[in-house]
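A.B. asks: My questions will all concern the structure given below.
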Amino acid sequence: MQALHTAATGMAAQELNVQVISNNIANLRTTGYKKQTAAFQDLIYEHIRRVGAQASDQGTILPIGIDIGGGVKTVGTPRSMTQGTLSQTGNDLDLAITGEGFFKIQMPDGTYQYTRDGTFQMDNQGRIVNAQGNLVQPAITVPQNASGLTVNAQGQVSVTLPGSTTSTIIGQIGLTRFINKAGLQPVGNNLFTDTPSSGPPQDGVANAEGYGSLTQGSLEQANVDVVSEMSDLIAAQRAYEMNAKVVSAADQMLQTTSAMFR
């Protein structure tokens, strides 16, 4: 019976939906995390009577047809890139982006990855790095014994050098944007890589046209709405239960049919 297979595809789809929702909830407190949703499409149809076909020798046309659907399939888990709320931390090297752009990170193999997580530190050479010790681009080294580190909205990093009473700009933290930021590939550790779908990276600076601004001493929180996620979770559970009932009903119908022809 086709209904068994159709309902099974529905159960599999909702199982994946629950997995996506659970990952959103698990990352509720992950800095810079962007929520995902599951997107579905109906499967190919069996056309028993095609709409618009000739219904008689007199040339009458069928106004409706008989189309039996094959179920549902997952076509993607698109990521929402909406702005998350900012949370103040007071740490000099915590940076939050408001608006467009990603921080550019150089990996050990020389490639680049991108993140909205501005939880930065200094390594043993005074270089500004992310939580995994990879260099923030463009690379900036804070001189030894410097004090009063500040990062303005444009990403300019300034410090007060020993023997000086005025601040000195020592570098500029850049931002990178993409034509289709939802096309970035997540790789873990709050990092993304560019893909043919995202388009090539476009490097720039904060507060320039098309780029967001930076806020020092703050971090961008996940854009996950826990109330919405819980509502979606309940809806996915109900949909799974309904598909399971269809499987049970189809099985009972098959048993009844088999008993009739014994």
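In the structure tokens, chains take letters A, B, ... by order of appearance, with residues numbered from 1 within each chain and ligands from 1 in the order shown.
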Let's see if you can do this: from backbone DSSP, list all strand (DSSP E or B) residues in range 99-205 of chain A, as an MDAnalysis selection string.

C.D. replies: chainID A and resid 102:106 112:115 119 121:122 127:129 135:136 141 147:151 156:160 167:172 174:177 185:188 191:193 202:205

A.B. asks: Quick one: residues within 9 Å of Thr215 in chain A, only C-alpha atoms, excluding same-chain residues fewer than 3 positions away - as a PDB file with N, CA and C atoms, in the first residue's frame?

C.D. replies:
```pdb
ATOM      1  N   LEU A  86      22.797  41.946  21.347  1.00  0.00           N
ATOM      2  CA  LEU A  86      24.143  42.136  21.888  1.00  0.00           C
ATOM      3  C   LEU A  86      24.117  42.005  23.403  1.00  0.00           C
ATOM      4  N   ASP A  94      36.404  41.521  23.228  1.00  0.00           N
ATOM      5  CA  ASP A  94      35.114  40.981  22.783  1.00  0.00           C
ATOM      6  C   ASP A  94      34.484  42.000  21.837  1.00  0.00           C
ATOM      7  N   LEU A  95      34.177  41.544  20.613  1.00  0.00           N
ATOM      8  CA  LEU A  95      33.646  42.445  19.597  1.00  0.00           C
ATOM      9  C   LEU A  95      32.355  41.868  19.020  1.00  0.00           C
ATOM     10  N   ALA A  96      31.378  42.726  18.818  1.00  0.00           N
ATOM     11  CA  ALA A  96      30.108  42.327  18.220  1.00  0.00           C
ATOM     12  C   ALA A  96      29.875  43.131  16.951  1.00  0.00           C
ATOM     13  N   ILE A  97      29.351  42.449  15.934  1.00  0.00           N
ATOM     14  CA  ILE A  97      29.010  43.108  14.674  1.00  0.00           C
ATOM     15  C   ILE A  97      27.530  43.444  14.684  1.00  0.00           C
ATOM     16  N   THR A  98      27.200  44.680  14.402  1.00  0.00           N
ATOM     17  CA  THR A  98      25.811  45.086  14.201  1.00  0.00           C
ATOM     18  C   THR A  98      25.642  45.409  12.726  1.00  0.00           C
ATOM     19  N   VAL A 151      38.827  49.518  20.552  1.00  0.00           N
ATOM     20  CA  VAL A 151      38.432  49.232  19.168  1.00  0.00           C
ATOM     21  C   VAL A 151      37.206  50.079  18.880  1.00  0.00           C
ATOM     22  N   ASN A 152      37.302  50.971  17.897  1.00  0.00           N
ATOM     23  CA  ASN A 152      36.170  51.845  17.601  1.00  0.00           C
ATOM     24  C   ASN A 152      35.195  51.173  16.647  1.00  0.00           C
ATOM     25  N   ALA A 153      34.145  51.868  16.308  1.00  0.00           N
ATOM     26  CA  ALA A 153      33.084  51.296  15.471  1.00  0.00           C
ATOM     27  C   ALA A 153      33.574  50.938  14.082  1.00  0.00           C
ATOM     28  N   GLY A 155      36.499  49.581  13.553  1.00  0.00           N
ATOM     29  CA  GLY A 155      37.425  48.465  13.687  1.00  0.00           C
ATOM     30  C   GLY A 155      38.866  48.873  13.898  1.00  0.00           C
ATOM     31  N   SER A 218      31.292  43.710  23.824  1.00  0.00           N
ATOM     32  CA  SER A 218      29.997  43.051  23.672  1.00  0.00           C
ATOM     33  C   SER A 218      30.148  41.850  22.748  1.00  0.00           C
ATOM     34  N   LEU A 219      29.186  40.931  22.825  1.00  0.00           N
ATOM     35  CA  LEU A 219      29.137  39.777  21.935  1.00  0.00           C
ATOM     36  C   LEU A 219      27.730  39.620  21.388  1.00  0.00           C
TER      37      LEU A 219
END
```

A.B. asks: For Gly133 in chain A, find every residue with an atom within 10 Å (counting only C-alpha atoms), except residues of its own chain fewer than 3 positions away, and show them as a VMD selection string.

C.D. replies: chain A and resid 105 to 108 120 to 123 127 to 130 136

A.B. asks: Nearest residue to Asn223 in chain A out of A:Gly32, A:Gly99, A:Gly110, A:Gly52, using only C-alpha atoms?

C.D. replies: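 Looking only at the distances to Asn223 in chain A, the closest residue turns out to be A:Gly32.
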
A.B. asks: Neighbouring residues of Asn17 in chain A were defined as those with any atom within 12 Å, considering only C-alpha atoms; residues of the same chain fewer than 2 positions away were excluded. Please report them as a PDB file with N, CA and C atoms, in the first residue's frame.

C.D. replies:
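Output below, filename selection_8.pdb:
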```pdb
ATOM      1  N   GLY A  10       6.871  11.063   5.669  1.00  0.00           N
ATOM      2  CA  GLY A  10       6.473  12.127   6.586  1.00  0.00           C
ATOM      3  C   GLY A  10       7.126  11.978   7.948  1.00  0.00           C
ATOM      4  N   MET A  11       7.217  10.735   8.436  1.00  0.00           N
ATOM      5  CA  MET A  11       7.869  10.499   9.725  1.00  0.00           C
ATOM      6  C   MET A  11       9.349  10.841   9.656  1.00  0.00           C
ATOM      7  N   ALA A  12      10.005  10.453   8.550  1.00  0.00           N
ATOM      8  CA  ALA A  12      11.427  10.759   8.401  1.00  0.00           C
ATOM      9  C   ALA A  12      11.660  12.269   8.326  1.00  0.00           C
ATOM     10  N   ALA A  13      10.761  12.978   7.631  1.00  0.00           N
ATOM     11  CA  ALA A  13      10.898  14.427   7.508  1.00  0.00           C
ATOM     12  C   ALA A  13      10.768  15.115   8.861  1.00  0.00           C
ATOM     13  N   GLN A  14       9.800  14.676   9.656  1.00  0.00           N
ATOM     14  CA  GLN A  14       9.603  15.303  10.965  1.00  0.00           C
ATOM     15  C   GLN A  14      10.707  14.915  11.943  1.00  0.00           C
ATOM     16  N   GLU A  15      11.282  13.732  11.769  1.00  0.00           N
ATOM     17  CA  GLU A  15      12.425  13.355  12.597  1.00  0.00           C
ATOM     18  C   GLU A  15      13.595  14.293  12.332  1.00  0.00           C
ATOM     19  N   GLN A  19      15.424  17.179  14.747  1.00  0.00           N
ATOM     20  CA  GLN A  19      16.873  17.259  14.903  1.00  0.00           C
ATOM     21  C   GLN A  19      17.366  18.694  14.692  1.00  0.00           C
ATOM     22  N   VAL A  20      16.824  19.369  13.686  1.00  0.00           N
ATOM     23  CA  VAL A  20      17.211  20.755  13.421  1.00  0.00           C
ATOM     24  C   VAL A  20      16.800  21.657  14.584  1.00  0.00           C
ATOM     25  N   ILE A  21      15.577  21.467  15.072  1.00  0.00           N
ATOM     26  CA  ILE A  21      15.093  22.278  16.196  1.00  0.00           C
ATOM     27  C   ILE A  21      15.935  22.030  17.445  1.00  0.00           C
ATOM     28  N   SER A  22      16.280  20.760  17.691  1.00  0.00           N
ATOM     29  CA  SER A  22      17.068  20.442  18.882  1.00  0.00           C
ATOM     30  C   SER A  22      18.453  21.086  18.810  1.00  0.00           C
ATOM     31  N   ASN A  23      19.025  21.169  17.592  1.00  0.00           N
ATOM     32  CA  ASN A  23      20.327  21.823  17.445  1.00  0.00           C
ATOM     33  C   ASN A  23      20.213  23.318  17.709  1.00  0.00           C
ATOM     34  N   ASN A  24      19.112  23.928  17.279  1.00  0.00           N
ATOM     35  CA  ASN A  24      18.895  25.351  17.580  1.00  0.00           C
ATOM     36  C   ASN A  24      18.814  25.585  19.080  1.00  0.00           C
ATOM     37  N   GLN A  36      18.684  27.456  12.174  1.00  0.00           N
ATOM     38  CA  GLN A  36      18.323  26.768  10.944  1.00  0.00           C
ATOM     39  C   GLN A  36      16.858  26.353  10.986  1.00  0.00           C
ATOM     40  N   THR A  37      16.283  26.161   9.823  1.00  0.00           N
ATOM     41  CA  THR A  37      14.948  25.587   9.697  1.00  0.00           C
ATOM     42  C   THR A  37      15.009  24.491   8.639  1.00  0.00           C
ATOM     43  N   ALA A  38      14.097  23.545   8.734  1.00  0.00           N
ATOM     44  CA  ALA A  38      14.019  22.472   7.741  1.00  0.00           C
ATOM     45  C   ALA A  38      13.012  22.872   6.664  1.00  0.00           C
ATOM     46  N   ALA A  39      13.409  22.741   5.410  1.00  0.00           N
ATOM     47  CA  ALA A  39      12.532  23.069   4.281  1.00  0.00           C
ATOM     48  C   ALA A  39      12.177  21.781   3.546  1.00  0.00           C
ATOM     49  N   PHE A  40      10.892  21.640   3.194  1.00  0.00           N
ATOM     50  CA  PHE A  40      10.401  20.407   2.588  1.00  0.00           C
ATOM     51  C   PHE A  40       9.699  20.689   1.260  1.00  0.00           C
ATOM     52  N   LYS A  73       9.918  15.272   0.915  1.00  0.00           N
ATOM     53  CA  LYS A  73      11.375  15.159   0.987  1.00  0.00           C
ATOM     54  C   LYS A  73      11.954  16.444   1.561  1.00  0.00           C
ATOM     55  N   THR A  74      13.115  16.313   2.167  1.00  0.00           N
ATOM     56  CA  THR A  74      13.821  17.484   2.685  1.00  0.00           C
ATOM     57  C   THR A  74      14.682  18.068   1.579  1.00  0.00           C
ATOM     58  N   VAL A  75      14.558  19.366   1.352  1.00  0.00           N
ATOM     59  CA  VAL A  75      15.345  20.012   0.293  1.00  0.00           C
ATOM     60  C   VAL A  75      16.454  20.887   0.855  1.00  0.00           C
ATOM     61  N   GLY A  76      16.436  21.153   2.148  1.00  0.00           N
ATOM     62  CA  GLY A  76      17.498  21.969   2.707  1.00  0.00           C
ATOM     63  C   GLY A  76      17.216  22.342   4.148  1.00  0.00           C
ATOM     64  N   THR A  77      18.246  22.854   4.787  1.00  0.00           N
ATOM     65  CA  THR A  77      18.109  23.390   6.139  1.00  0.00           C
ATOM     66  C   THR A  77      18.649  24.819   6.122  1.00  0.00           C
ATOM     67  N   PRO A  78      17.909  25.734   5.489  1.00  0.00           N
ATOM     68  CA  PRO A  78      18.410  27.115   5.358  1.00  0.00           C
ATOM     69  C   PRO A  78      18.651  27.761   6.711  1.00  0.00           C
ATOM     70  N   GLU A 229      10.921  28.095  18.984  1.00  0.00           N
ATOM     71  CA  GLU A 229      11.472  26.749  18.812  1.00  0.00           C
ATOM     72  C   GLU A 229      10.620  25.706  19.533  1.00  0.00           C
ATOM     73  N   ASP A 232       7.518  25.151  17.486  1.00  0.00           N
ATOM     74  CA  ASP A 232       7.823  24.341  16.308  1.00  0.00           C
ATOM     75  C   ASP A 232       8.057  22.885  16.691  1.00  0.00           C
ATOM     76  N   LEU A 233       8.663  22.665  17.858  1.00  0.00           N
ATOM     77  CA  LEU A 233       8.921  21.303  18.313  1.00  0.00           C
ATOM     78  C   LEU A 233       7.618  20.549  18.574  1.00  0.00           C
ATOM     79  N   ILE A 234       6.660  21.231  19.191  1.00  0.00           N
ATOM     80  CA  ILE A 234       5.357  20.603  19.448  1.00  0.00           C
ATOM     81  C   ILE A 234       4.649  20.281  18.137  1.00  0.00           C
ATOM     82  N   ALA A 235       4.712  21.233  17.188  1.00  0.00           N
ATOM     83  CA  ALA A 235       4.068  21.008  15.888  1.00  0.00           C
ATOM     84  C   ALA A 235       4.716  19.833  15.152  1.00  0.00           C
ATOM     85  N   ALA A 236       6.048  19.726  15.222  1.00  0.00           N
ATOM     86  CA  ALA A 236       6.743  18.614  14.571  1.00  0.00           C
ATOM     87  C   ALA A 236       6.381  17.284  15.227  1.00  0.00           C
ATOM     88  N   GLN A 237       6.257  17.298  16.538  1.00  0.00           N
ATOM     89  CA  GLN A 237       5.870  16.067  17.251  1.00  0.00           C
ATOM     90  C   GLN A 237       4.469  15.625  16.860  1.00  0.00           C
ATOM     91  N   ARG A 238       3.549  16.577  16.753  1.00  0.00           N
ATOM     92  CA  ARG A 238       2.172  16.241  16.358  1.00  0.00           C
ATOM     93  C   ARG A 238       2.140  15.693  14.933  1.00  0.00           C
ATOM     94  N   ALA A 239       2.915  16.313  14.036  1.00  0.00           N
ATOM     95  CA  ALA A 239       2.958  15.838  12.656  1.00  0.00           C
ATOM     96  C   ALA A 239       3.533  14.425  12.592  1.00  0.00           C
ATOM     97  N   TYR A 240       4.537  14.140  13.393  1.00  0.00           N
ATOM     98  CA  TYR A 240       5.121  12.786  13.437  1.00  0.00           C
ATOM     99  C   TYR A 240       4.084  11.776  13.924  1.00  0.00           C
TER     100      TYR A 240
END
```

A.B. asks: Point out the residue among A:Thr115, A:Val246, A:Ala55, A:Pro143 with the least atom-to-atom distance to Val187 in chain A, counting only C-alpha atoms.

C.D. replies: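 Result for the nearest residue to Val187 in chain A: A:Thr115.
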
A.B. asks: Between A:Gln255, A:Ser147, A:Ser158, A:Ser87, which has the minimum distance to Arg29 in chain A (counting only C-alpha atoms)?

C.D. replies: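 For Arg29 in chain A, the nearest of the given residues is A:Ser87.
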
A.B. asks: So that I can check the surroundings of Arg50 in chain A, please list as a PyMOL selection string every protein, DNA and RNA residue that reaches within 8 Å of it, counting only C-alpha atoms and ignoring chain neighbours fewer than 4 positions away.

C.D. replies: chain A and resi 62+64-67

A.B. asks: Counting only C-alpha atoms, figure out which residue out of A:Thr165, A:Gly212, A:Thr150, A:Phe178 gets nearest to Gly90 in chain A.

C.D. replies: A:Thr150

A.B. asks: Enumerate, as an MDAnalysis selection string, the complete set of residues in range 29-229 of chain A that a backbone-based DSSP assignment places in alpha helix (DSSP H).

C.D. replies: chainID A and resid 226:229

A.B. asks: Given the selection you just returned, output its residues as a file containing N, CA, C and O atoms, formatted as a compact mmCIF listing (two decimals), in the first residue's frame.

C.D. replies:
```txt
# COMPACT_ATOMS: atom_id res chain seq x y z
N VAL A 226 13.52 30.97 21.79
CA VAL A 226 13.21 29.69 22.43
C VAL A 226 11.71 29.40 22.41
O VAL A 226 11.30 28.23 22.26
N VAL A 227 10.86 30.42 22.50
CA VAL A 227 9.42 30.21 22.47
C VAL A 227 9.00 29.68 21.10
O VAL A 227 8.22 28.73 20.99
N SER A 228 9.55 30.28 20.05
CA SER A 228 9.24 29.82 18.69
C SER A 228 9.74 28.40 18.46
O SER A 228 9.05 27.58 17.84
N GLU A 229 10.92 28.09 18.98
CA GLU A 229 11.47 26.75 18.81
C GLU A 229 10.62 25.71 19.53
O GLU A 229 10.38 24.61 19.00
```

A.B. asks: Would you list the contacts of Leu149 in chain A as a list in words, taking every protein, DNA or RNA residue within 10 Å and counting only C-alpha atoms, but skipping same-chain residues closer than 3 positions in sequence?

C.D. replies: Asp92, Leu93, Val142, Ala146, Val157, Ser158, Val159, Thr160, Leu161, Ser167, Thr168, Ile169 and Ile170 of chain A

A.B. asks: Convert the current residue selection to file output with N, CA, C and O atoms, as an mmCIF file, in the first residue's frame.

C.D. replies:
```cif
data_model
loop_
_atom_site.group_PDB
_atom_site.id
_atom_site.type_symbol
_atom_site.label_atom_id
_atom_site.label_comp_id
_atom_site.auth_asym_id
_atom_site.auth_seq_id
_atom_site.Cartn_x
_atom_site.Cartn_y
_atom_site.Cartn_z
ATOM 1 N N ASP A 92 37.888 43.786 26.730
ATOM 2 C CA ASP A 92 38.381 44.680 25.684
ATOM 3 C C ASP A 92 38.384 44.048 24.302
ATOM 4 O O ASP A 92 38.196 44.733 23.295
ATOM 5 N N LEU A 93 38.631 42.738 24.214
ATOM 6 C CA LEU A 93 38.752 42.084 22.921
ATOM 7 C C LEU A 93 37.497 41.323 22.515
ATOM 8 O O LEU A 93 37.532 40.553 21.552
ATOM 9 N N VAL A 142 49.644 43.424 19.300
ATOM 10 C CA VAL A 142 49.620 44.456 20.338
ATOM 11 C C VAL A 142 51.012 44.543 20.958
ATOM 12 O O VAL A 142 51.545 43.529 21.441
ATOM 13 N N ALA A 146 51.833 47.678 26.230
ATOM 14 C CA ALA A 146 50.839 48.668 25.811
ATOM 15 C C ALA A 146 49.629 48.583 26.724
ATOM 16 O O ALA A 146 49.331 47.539 27.324
ATOM 17 N N VAL A 157 42.052 49.589 15.873
ATOM 18 C CA VAL A 157 42.568 49.166 17.175
ATOM 19 C C VAL A 157 43.622 50.161 17.636
ATOM 20 O O VAL A 157 44.614 50.407 16.920
ATOM 21 N N SER A 158 43.414 50.724 18.805
ATOM 22 C CA SER A 158 44.334 51.731 19.342
ATOM 23 C C SER A 158 44.817 51.312 20.726
ATOM 24 O O SER A 158 44.074 50.666 21.489
ATOM 25 N N VAL A 159 46.057 51.661 21.042
ATOM 26 C CA VAL A 159 46.625 51.411 22.375
ATOM 27 C C VAL A 159 47.444 52.626 22.792
ATOM 28 O O VAL A 159 47.811 53.469 21.961
ATOM 29 N N THR A 160 47.728 52.671 24.066
ATOM 30 C CA THR A 160 48.641 53.688 24.586
ATOM 31 C C THR A 160 49.995 53.031 24.823
ATOM 32 O O THR A 160 50.099 52.076 25.607
ATOM 33 N N LEU A 161 51.010 53.487 24.120
ATOM 34 C CA LEU A 161 52.334 52.892 24.210
ATOM 35 C C LEU A 161 53.077 53.413 25.433
ATOM 36 O O LEU A 161 52.790 54.514 25.940
ATOM 37 N N SER A 167 46.829 57.884 22.452
ATOM 38 C CA SER A 167 46.633 56.559 21.861
ATOM 39 C C SER A 167 47.185 56.520 20.443
ATOM 40 O O SER A 167 47.225 57.536 19.739
ATOM 41 N N THR A 168 47.610 55.338 20.045
ATOM 42 C CA THR A 168 48.179 55.110 18.718
ATOM 43 C C THR A 168 47.419 53.985 18.023
ATOM 44 O O THR A 168 47.180 52.922 18.629
ATOM 45 N N ILE A 169 47.035 54.199 16.772
ATOM 46 C CA ILE A 169 46.352 53.154 16.003
ATOM 47 C C ILE A 169 47.382 52.130 15.555
ATOM 48 O O ILE A 169 48.378 52.469 14.913
ATOM 49 N N ILE A 170 47.144 50.854 15.897
ATOM 50 C CA ILE A 170 48.104 49.799 15.548
ATOM 51 C C ILE A 170 47.553 48.836 14.498
ATOM 52 O O ILE A 170 48.267 47.924 14.056
#
```

A.B. asks: Taking only C-alpha atoms into account, name the residue in A:Ala250, A:Leu175, A:Val224, A:Met81 that is nearest to Ala26 in chain A.

C.D. replies: A:Val224

A.B. asks: Expressed in Å to a single decimal, how great is the separation between CA of Gln83 in chain A and CA of Ile25 in chain A?

C.D. replies: 17.0 Å

A.B. asks: Please indicate the distance in Å from CA of Ile48 in chain A to CA of Ile61 in chain A, rounded to one decimal place.

C.D. replies: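 A separation of 15.1 Å between them.
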